[in-house]
Structure formats: C-alpha cells, structure tokens
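Dropping input.txt in here (compact mmCIF, C-alpha atoms (C1' of nucleotides)):
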```txt
# COMPACT_ATOMS: atom_id res chain seq x y z
CA MET A 1 -10.00 20.10 16.65
CA GLN A 2 -9.08 19.25 13.08
CA LEU A 3 -7.49 16.14 11.65
CA ALA A 4 -6.45 15.75 8.04
CA THR A 5 -4.99 13.27 5.60
CA TRP A 6 -3.10 14.04 2.41
CA ASN A 7 -1.21 11.93 -0.09
CA VAL A 8 1.45 14.47 -1.10
CA ASN A 9 3.15 12.32 -3.78
CA SER A 10 6.71 13.21 -2.70
CA LEU A 11 7.16 15.43 0.33
CA ALA A 12 10.41 16.75 -1.14
CA VAL A 13 8.49 18.22 -4.08
CA ARG A 14 5.36 19.20 -2.14
CA LEU A 15 6.86 20.73 1.02
CA PRO A 16 6.04 24.31 -0.07
CA HIS A 17 2.42 23.29 -0.76
CA LEU A 18 2.21 21.52 2.60
CA LEU A 19 3.65 24.44 4.56
CA ALA A 20 1.28 26.89 2.89
CA TRP A 21 -1.67 24.61 3.54
CA LEU A 22 -0.73 24.11 7.19
CA ALA A 23 -0.42 27.86 7.64
CA ASP A 24 -3.87 28.40 6.13
CA HIS A 25 -5.73 25.68 8.03
CA GLN A 26 -3.64 24.93 11.11
CA PRO A 27 -4.97 21.37 11.56
CA ASP A 28 -4.03 19.68 14.83
CA VAL A 29 -3.13 16.27 13.39
CA VAL A 30 -2.09 15.49 9.81
CA ALA A 31 -1.44 12.08 8.25
CA LEU A 32 0.77 12.17 5.16
CA GLN A 33 1.22 9.44 2.57
CA GLU A 34 3.74 8.85 -0.21
CA THR A 35 6.41 10.97 1.42
CA LYS A 36 9.02 9.00 -0.58
CA LEU A 37 11.75 10.05 1.84
CA VAL A 38 14.07 8.11 4.10
CA ASP A 39 13.70 9.36 7.68
CA GLU A 40 17.13 11.03 7.56
CA LYS A 41 15.83 13.38 4.88
CA PHE A 42 12.49 14.20 6.55
CA PRO A 43 12.07 18.01 6.79
CA HIS A 44 11.67 18.19 10.56
CA ALA A 45 13.18 21.66 10.86
CA GLU A 46 10.86 23.29 8.33
CA LEU A 47 7.82 21.67 9.94
CA GLU A 48 8.92 22.59 13.45
CA ALA A 49 9.27 26.20 12.30
CA ALA A 50 5.66 25.93 11.15
CA GLY A 51 4.63 24.64 14.58
CA TYR A 52 4.45 20.92 13.82
CA ALA A 53 6.19 17.96 15.38
CA ALA A 54 6.55 14.99 13.05
CA GLN A 55 6.72 11.23 13.40
CA ALA A 56 8.10 9.87 10.14
CA PHE A 57 8.19 6.36 8.73
CA GLY A 58 9.70 6.45 5.29
CA GLN A 59 11.74 4.59 2.74
CA LYS A 60 13.61 5.41 -0.42
CA THR A 61 11.63 6.20 -3.59
CA TYR A 62 8.32 4.61 -2.67
CA ASN A 63 5.57 4.79 -0.03
CA GLY A 64 6.37 6.49 3.28
CA VAL A 65 3.95 7.90 5.85
CA ALA A 66 4.10 10.47 8.62
CA LEU A 67 2.02 12.00 11.39
CA LEU A 68 2.24 15.72 12.13
CA THR A 69 0.91 17.24 15.33
CA ARG A 70 0.54 20.83 16.38
CA GLY A 71 0.61 21.34 20.12
CA VAL A 72 -1.07 18.08 21.07
CA GLY A 73 0.49 15.36 23.17
CA LEU A 74 1.41 12.18 21.34
CA GLY A 75 2.44 8.73 22.46
CA ASP A 76 2.48 4.99 21.72
CA VAL A 77 3.83 5.48 18.20
CA LEU A 78 3.67 2.35 16.08
CA ARG A 79 5.11 1.71 12.62
CA ASN A 80 3.43 -0.79 10.27
CA ILE A 81 1.08 -3.58 11.29
CA PRO A 82 2.30 -5.68 14.21
CA GLY A 83 2.77 -9.31 13.25
CA HIS A 84 2.63 -8.51 9.53
CA PRO A 85 6.24 -8.06 8.37
CA ASP A 86 6.38 -5.63 5.46
CA GLU A 87 9.24 -4.10 3.50
CA GLN A 88 6.96 -1.23 2.59
CA ALA A 89 6.41 1.74 4.94
CA ARG A 90 2.63 2.11 4.92
CA VAL A 91 1.26 2.61 8.44
CA ILE A 92 2.00 4.91 11.32
CA ALA A 93 -0.17 5.09 14.43
CA ALA A 94 -0.12 7.16 17.59
CA THR A 95 -2.35 8.14 20.48
CA VAL A 96 -3.02 11.87 20.61
CA ALA A 97 -4.52 13.95 23.37
CA ALA A 98 -7.85 15.54 22.48
CA PRO A 99 -8.73 18.56 24.61
CA GLY A 100 -12.15 18.15 26.18
CA ASN A 101 -12.48 14.49 25.23
CA GLY A 102 -10.59 11.28 25.72
CA PRO A 103 -7.40 10.56 23.80
CA ILE A 104 -7.75 9.44 20.19
CA ARG A 105 -5.92 6.55 18.59
CA VAL A 106 -4.91 7.86 15.13
CA ILE A 107 -3.87 5.51 12.35
CA GLY A 108 -2.42 6.98 9.16
CA ALA A 109 -2.18 4.50 6.30
CA TYR A 110 -1.12 4.28 2.69
CA PHE A 111 -3.04 1.28 1.38
CA PRO A 112 -1.40 -0.68 -1.46
CA ASN A 113 -2.39 0.30 -4.99
CA GLY A 114 -2.90 -3.26 -6.17
CA GLN A 115 -2.19 -2.59 -9.86
CA ALA A 116 -4.85 -4.94 -11.29
CA PRO A 117 -6.86 -7.98 -10.22
CA GLY A 118 -4.91 -11.18 -10.72
CA THR A 119 -1.47 -9.65 -10.22
CA ASP A 120 0.98 -10.28 -7.39
CA LYS A 121 0.41 -6.71 -6.25
CA PHE A 122 -3.31 -7.32 -5.99
CA ALA A 123 -2.65 -10.42 -3.88
CA TYR A 124 -0.37 -8.33 -1.66
CA LYS A 125 -3.13 -5.74 -1.32
CA MET A 126 -5.63 -8.39 -0.24
CA GLN A 127 -3.22 -9.84 2.35
CA TRP A 128 -2.40 -6.36 3.63
CA LEU A 129 -6.09 -5.46 3.91
CA GLY A 130 -6.77 -8.63 5.87
CA ALA A 131 -3.91 -7.93 8.26
CA LEU A 132 -5.03 -4.33 8.68
CA ARG A 133 -8.59 -5.38 9.50
CA GLU A 134 -7.52 -7.84 12.18
CA TRP A 135 -5.10 -5.35 13.72
CA VAL A 136 -7.66 -2.51 13.69
CA ARG A 137 -10.19 -4.87 15.31
CA GLY A 138 -7.84 -5.16 18.27
CA GLU A 139 -6.97 -1.48 18.31
CA LEU A 140 -10.67 -0.63 18.53
CA ALA A 141 -11.10 -2.98 21.46
CA SER A 142 -8.43 -1.13 23.42
CA HIS A 143 -9.05 2.36 21.97
CA PRO A 144 -12.78 3.08 21.52
CA ARG A 145 -11.95 6.54 20.21
CA LEU A 146 -10.12 5.80 16.97
CA VAL A 147 -9.56 7.46 13.59
CA LEU A 148 -8.30 5.52 10.56
CA MET A 149 -7.35 7.86 7.76
CA GLY A 150 -5.24 7.88 4.65
CA ASP A 151 -5.08 6.89 1.02
CA PHE A 152 -7.20 3.73 0.98
CA ASN A 153 -6.86 3.16 -2.77
CA VAL A 154 -10.47 1.96 -2.69
CA ALA A 155 -13.48 3.78 -4.11
CA PRO A 156 -16.16 2.37 -1.78
CA GLU A 157 -19.22 2.93 -3.98
CA ASP A 158 -20.10 3.82 -7.54
CA ARG A 159 -20.90 7.37 -6.46
CA ASP A 160 -17.20 7.66 -5.58
CA VAL A 161 -16.21 7.07 -9.21
CA HIS A 162 -16.52 9.59 -12.05
CA ASP A 163 -17.32 6.86 -14.60
CA PRO A 164 -18.56 3.76 -12.78
CA VAL A 165 -19.16 1.88 -16.02
CA ALA A 166 -15.63 2.36 -17.29
CA TRP A 167 -14.18 1.57 -13.86
CA ALA A 168 -16.39 -1.45 -13.12
CA GLY A 169 -14.16 -4.27 -11.87
CA GLN A 170 -11.04 -2.17 -12.32
CA ILE A 171 -8.49 -1.58 -9.59
CA HIS A 172 -9.92 0.48 -6.68
CA CYS A 173 -13.43 -0.63 -7.66
CA THR A 174 -13.34 -4.42 -7.52
CA PRO A 175 -15.85 -6.28 -5.35
CA GLU A 176 -12.93 -7.70 -3.34
CA GLU A 177 -11.57 -4.27 -2.46
CA ARG A 178 -15.03 -2.93 -1.67
CA ALA A 179 -15.71 -5.94 0.55
CA HIS A 180 -12.58 -5.11 2.53
CA PHE A 181 -13.75 -1.50 2.90
CA ALA A 182 -17.13 -2.79 4.10
CA ASP A 183 -15.31 -5.05 6.56
CA LEU A 184 -13.63 -2.00 8.08
CA LEU A 185 -17.03 -0.34 8.51
CA GLY A 186 -18.25 -3.60 10.02
CA LEU A 187 -15.67 -3.28 12.79
CA GLY A 188 -17.56 -0.20 13.98
CA LEU A 189 -16.08 2.55 11.82
CA VAL A 190 -17.96 5.26 9.97
CA ASP A 191 -17.01 7.04 6.74
CA ALA A 192 -17.00 10.60 8.11
CA PHE A 193 -17.38 12.15 4.65
CA ARG A 194 -20.76 10.43 4.20
CA LEU A 195 -22.13 11.70 7.51
CA PHE A 196 -22.88 14.94 5.67
CA ASP A 197 -24.48 16.14 2.48
CA GLN A 198 -21.66 16.54 -0.02
CA PRO A 199 -21.36 18.08 -3.45
CA PRO A 200 -22.15 15.48 -6.11
CA ARG A 201 -19.10 14.16 -7.95
CA SER A 202 -16.75 14.66 -5.01
CA TRP A 203 -13.31 13.11 -5.59
CA SER A 204 -10.03 13.10 -3.69
CA TRP A 205 -7.80 12.02 -6.61
CA TRP A 206 -7.60 13.07 -10.23
CA ASP A 207 -5.26 11.50 -12.77
CA TYR A 208 -2.47 13.79 -13.90
CA ARG A 209 -3.24 12.77 -17.47
CA ASN A 210 -5.91 13.85 -19.88
CA LEU A 211 -6.92 17.08 -18.09
CA ALA A 212 -8.72 14.95 -15.52
CA PHE A 213 -8.86 17.63 -12.83
CA ARG A 214 -10.14 20.29 -15.21
CA LYS A 215 -12.85 17.88 -16.32
CA ASN A 216 -13.44 16.73 -12.72
CA GLN A 217 -12.83 13.11 -13.59
CA GLY A 218 -11.60 11.44 -10.43
CA LEU A 219 -12.11 8.95 -7.64
CA ARG A 220 -12.80 9.29 -3.93
CA ILE A 221 -10.12 7.01 -2.51
CA ASP A 222 -8.80 9.06 0.43
CA HIS A 223 -10.90 8.53 3.52
CA ILE A 224 -11.32 9.31 7.19
CA LEU A 225 -13.08 6.61 9.19
CA VAL A 226 -14.06 7.33 12.78
CA SER A 227 -15.16 4.87 15.44
CA GLU A 228 -18.81 4.81 16.49
CA ALA A 229 -17.80 6.27 19.87
CA MET A 230 -16.64 9.39 18.01
CA ARG A 231 -19.54 9.79 15.60
CA ALA A 232 -21.31 12.36 17.77
CA ASP A 233 -18.12 14.45 17.90
CA VAL A 234 -17.85 14.84 14.15
CA GLU A 235 -18.77 18.37 13.12
CA ALA A 236 -17.65 18.37 9.49
CA CYS A 237 -15.70 16.44 6.89
CA MET A 238 -14.66 17.88 3.56
CA ILE A 239 -12.26 17.47 0.67
CA ASP A 240 -10.14 20.56 0.04
CA LYS A 241 -9.63 20.83 -3.71
CA ALA A 242 -7.67 24.07 -3.49
CA PRO A 243 -4.17 22.51 -3.36
CA ARG A 244 -4.98 20.49 -6.50
CA ARG A 245 -5.31 23.78 -8.41
CA LEU A 246 -1.77 24.93 -7.63
CA GLU A 247 1.20 24.63 -9.94
CA ARG A 248 2.84 21.19 -9.72
CA PRO A 249 0.17 19.73 -7.43
CA SER A 250 -0.11 16.32 -5.85
CA ASP A 251 -2.64 14.20 -7.70
CA HIS A 252 -4.53 13.85 -4.36
CA ALA A 253 -6.39 16.50 -2.37
CA PRO A 254 -6.44 16.68 1.46
CA VAL A 255 -9.45 15.42 3.40
CA VAL A 256 -10.24 17.32 6.61
CA LEU A 257 -12.21 16.20 9.66
CA THR A 258 -13.49 18.72 12.20
CA LEU A 259 -14.36 17.49 15.68
CA ARG A 260 -16.43 19.34 18.25
C1' DA B 261 -5.53 2.63 -27.11
C1' DT B 262 -0.40 -1.42 -23.81
C1' DG B 263 -1.75 6.11 -24.58
C1' DA B 264 -2.08 10.50 -21.92
C1' DC B 265 1.32 12.82 -16.53
C1' DT B 266 4.48 12.98 -12.65
C1' DC B 267 7.89 11.19 -9.60
C1' DC B 268 11.89 8.54 -8.78
C1' DC B 269 16.51 6.57 -9.69
C1' DA B 270 18.82 6.21 -13.18
C1' DG B 271 21.99 7.97 -16.44
C1' DT B 272 18.89 9.96 -22.21
C1' DG B 273 15.12 4.57 -20.17
C1' DG B 274 11.82 2.35 -17.18
C1' DG B 275 9.00 1.21 -12.96
C1' DA B 276 5.21 2.76 -10.25
C1' DG B 277 1.33 5.12 -9.34
C1' DA B 278 -4.19 4.96 -9.87
```

Just dump the structure as structure tokens.
Amino acid sequence: MQLATWNVNSLAVRLPHLLAWLADHQPDVVALQETKLVDEKFPHAELEAAGYAAQAFGQKTYNGVALLTRGVGLGDVLRNIPGHPDEQARVIAATVAAPGNGPIRVIGAYFPNGQAPGTDKFAYKMQWLGALREWVRGELASHPRLVLMGDFNVAPEDRDVHDPVAWAGQIHCTPEERAHFADLLGLGLVDAFRLFDQPPRSWSWWDYRNLAFRKNQGLRIDHILVSEAMRADVEACMIDKAPRRLERPSDHAPVVLTLR
DNA sequence: ATGACTCCCAGTGGGAGA
C-alpha cells in the first residue's frame, strides 16, 4: 500500500502533472495541498476517470487540501481542526481501510507558512501548531494507526536545509517551529523519511527563483509522520524529484510512503 | 539585496508563498 503527499501549488495548473504521476505510481491514498480551488471547481471527473475518488476542502485563491483514494474504503471525513475555527482550508482527515491491517486514520495538512518571526502570520502559525498538536493527541488515542502528512512548512533539522547558516532563525527553521515539530514526534509519531538511509541533501521544496532546483538548493518541509504502532509496517519512504523536472512544475515534490 | 519565480485576482499592479 502506498500513501503520498504533494503540494501541487494550484491544482488547476498542475492537474496534468498529477494525472500523469498517479498513472505512473498508482498510490492508494494521496494528500494534496495548495489546491487553490473552491470545491465547486474541483476536478472530480478527471480524477474519477483516473480511478480516484476525492474528498476536497478548498477555498478561493489560497490554501485548499484534498484526499484522493483509489479503491480503498473511506469514512469519518473531517475538515479543519475541531474546536479551532479557521477561515483557511488547511486540514482534511479520513479513516481509510488498509487491506491486511487495521484501518488507518489519515490526516492531510497544509501548515501555515508563517512569513517571518514576529509577524501576525507567525503568531497564527504558532496557534495553529498548538491546536493541531492537541487535536492529534486525541486522534492518536482513538486511532493508534495514524498517518499525518503534508506540507509542514518546517525544516526539522539542519540537515533538512541546503544552507543552514543562511537559514538559521529564518522562517521554517526557527527554534519555535522546530520545537512544535518535536512536539508532534513526542506524541508518538515517527518521521518515516528518517527511518531509512537517504541521499544526502534531500529536499522536498526548491525555490522557483535563482535556479534553485538546478543547483539543488532546497528544504525538506514536506513530511509523512506515522504512529509508533505503524512503524513496523513502513517499508520505504522517498521523495520523488521527477515531477519537479517537468515544464511548469510545482515548487514541491511528492513524498511517498510504502507500507507492507 | 526589500531581488530573483510563479500563482492568483486583478485589470497592466500587488499579495502570498517559502
């Protein structure tokens, strides 16, 4: 079974890339971020033709998340964090059937960017991260098999940053953001990517500017966390750089989790 | 270097992203 997360930076623009990627890899569950589409405009028909059912939670212009499933049962769909009113569409969760194992609670999330420390957007990010942590704590209590994946907008360690000196204290790399990431691990979640040897200088995002992808200057900010109960089921986790090489790519690459 | 690129809604400029 394969699960994946991908910040597509506008599903309207990236639908051809997504359909091609789904056809190549046929993942069972896909979390999308930055769809930037109201639900009325979500391309259900094209995805259904590709074999995927979609749960969308979007808004105009900004943010927007979705969960795609291919032939797996899905229920208990939830949009945004309960008890944390938010104008911004950032979280979608569902329980999916996992053949051979118990059902998996899947949370797809587009974490706030945060702009810069000291700004209102950074304060919003901190509040959002606190609300997420407390909600996920409860979700884990009722769903031991849980996957939290998406665009976290946090580079957890210096090895997740192409130039840790230049980025020190900058957005995505502040101690406050990293402490929140550590808090999530402290709930009993594991960074699936780091369960395996990985190529050095592995990133999931490269700035559009300054030939950053060609120079491999990026950040690892897209993550798949799995609960401890699932650790033994994790067979592989990788970042697929191929879609970043296409014409008119998203600035993010998909991250893929393979379960036994 | 308050840059660079891309997307969006706007309406030939500006916000947001990271």

**OP:** Return as a ChimeraX atom specification the residues belonging to chain B that are within 8 Å of chain A, counting only C-alpha atoms (C1' of nucleotides).
**Re:** /B:264-269,277-278

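Nearest to Val234 of chain A of all the residues A:Gln198, A:Ser204, A:Thr119, A:Thr258 is A:Thr258, based on all atoms listed in the file.
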
Subject >> Separation of atom CA of Pro254 of chain A from atom CA of Ala53 of chain A in Å >> reply: 18.8 Å

**OP:** Measuring atom to atom with all atoms listed in the file, identify which of A:Leu19, A:Ala45, A:Ile107, A:Ile239 is nearest to Ala66 of chain A.
**Re:**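 Smallest separation from Ala66 of chain A among the options: A:Ile107.
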
**OP:** To one decimal in Å, tell me the separation between atom CA of Asp163 of chain A and atom C1' of DA261 of chain B.
**Re:**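 Interatomic distance here is 17.7 Å.
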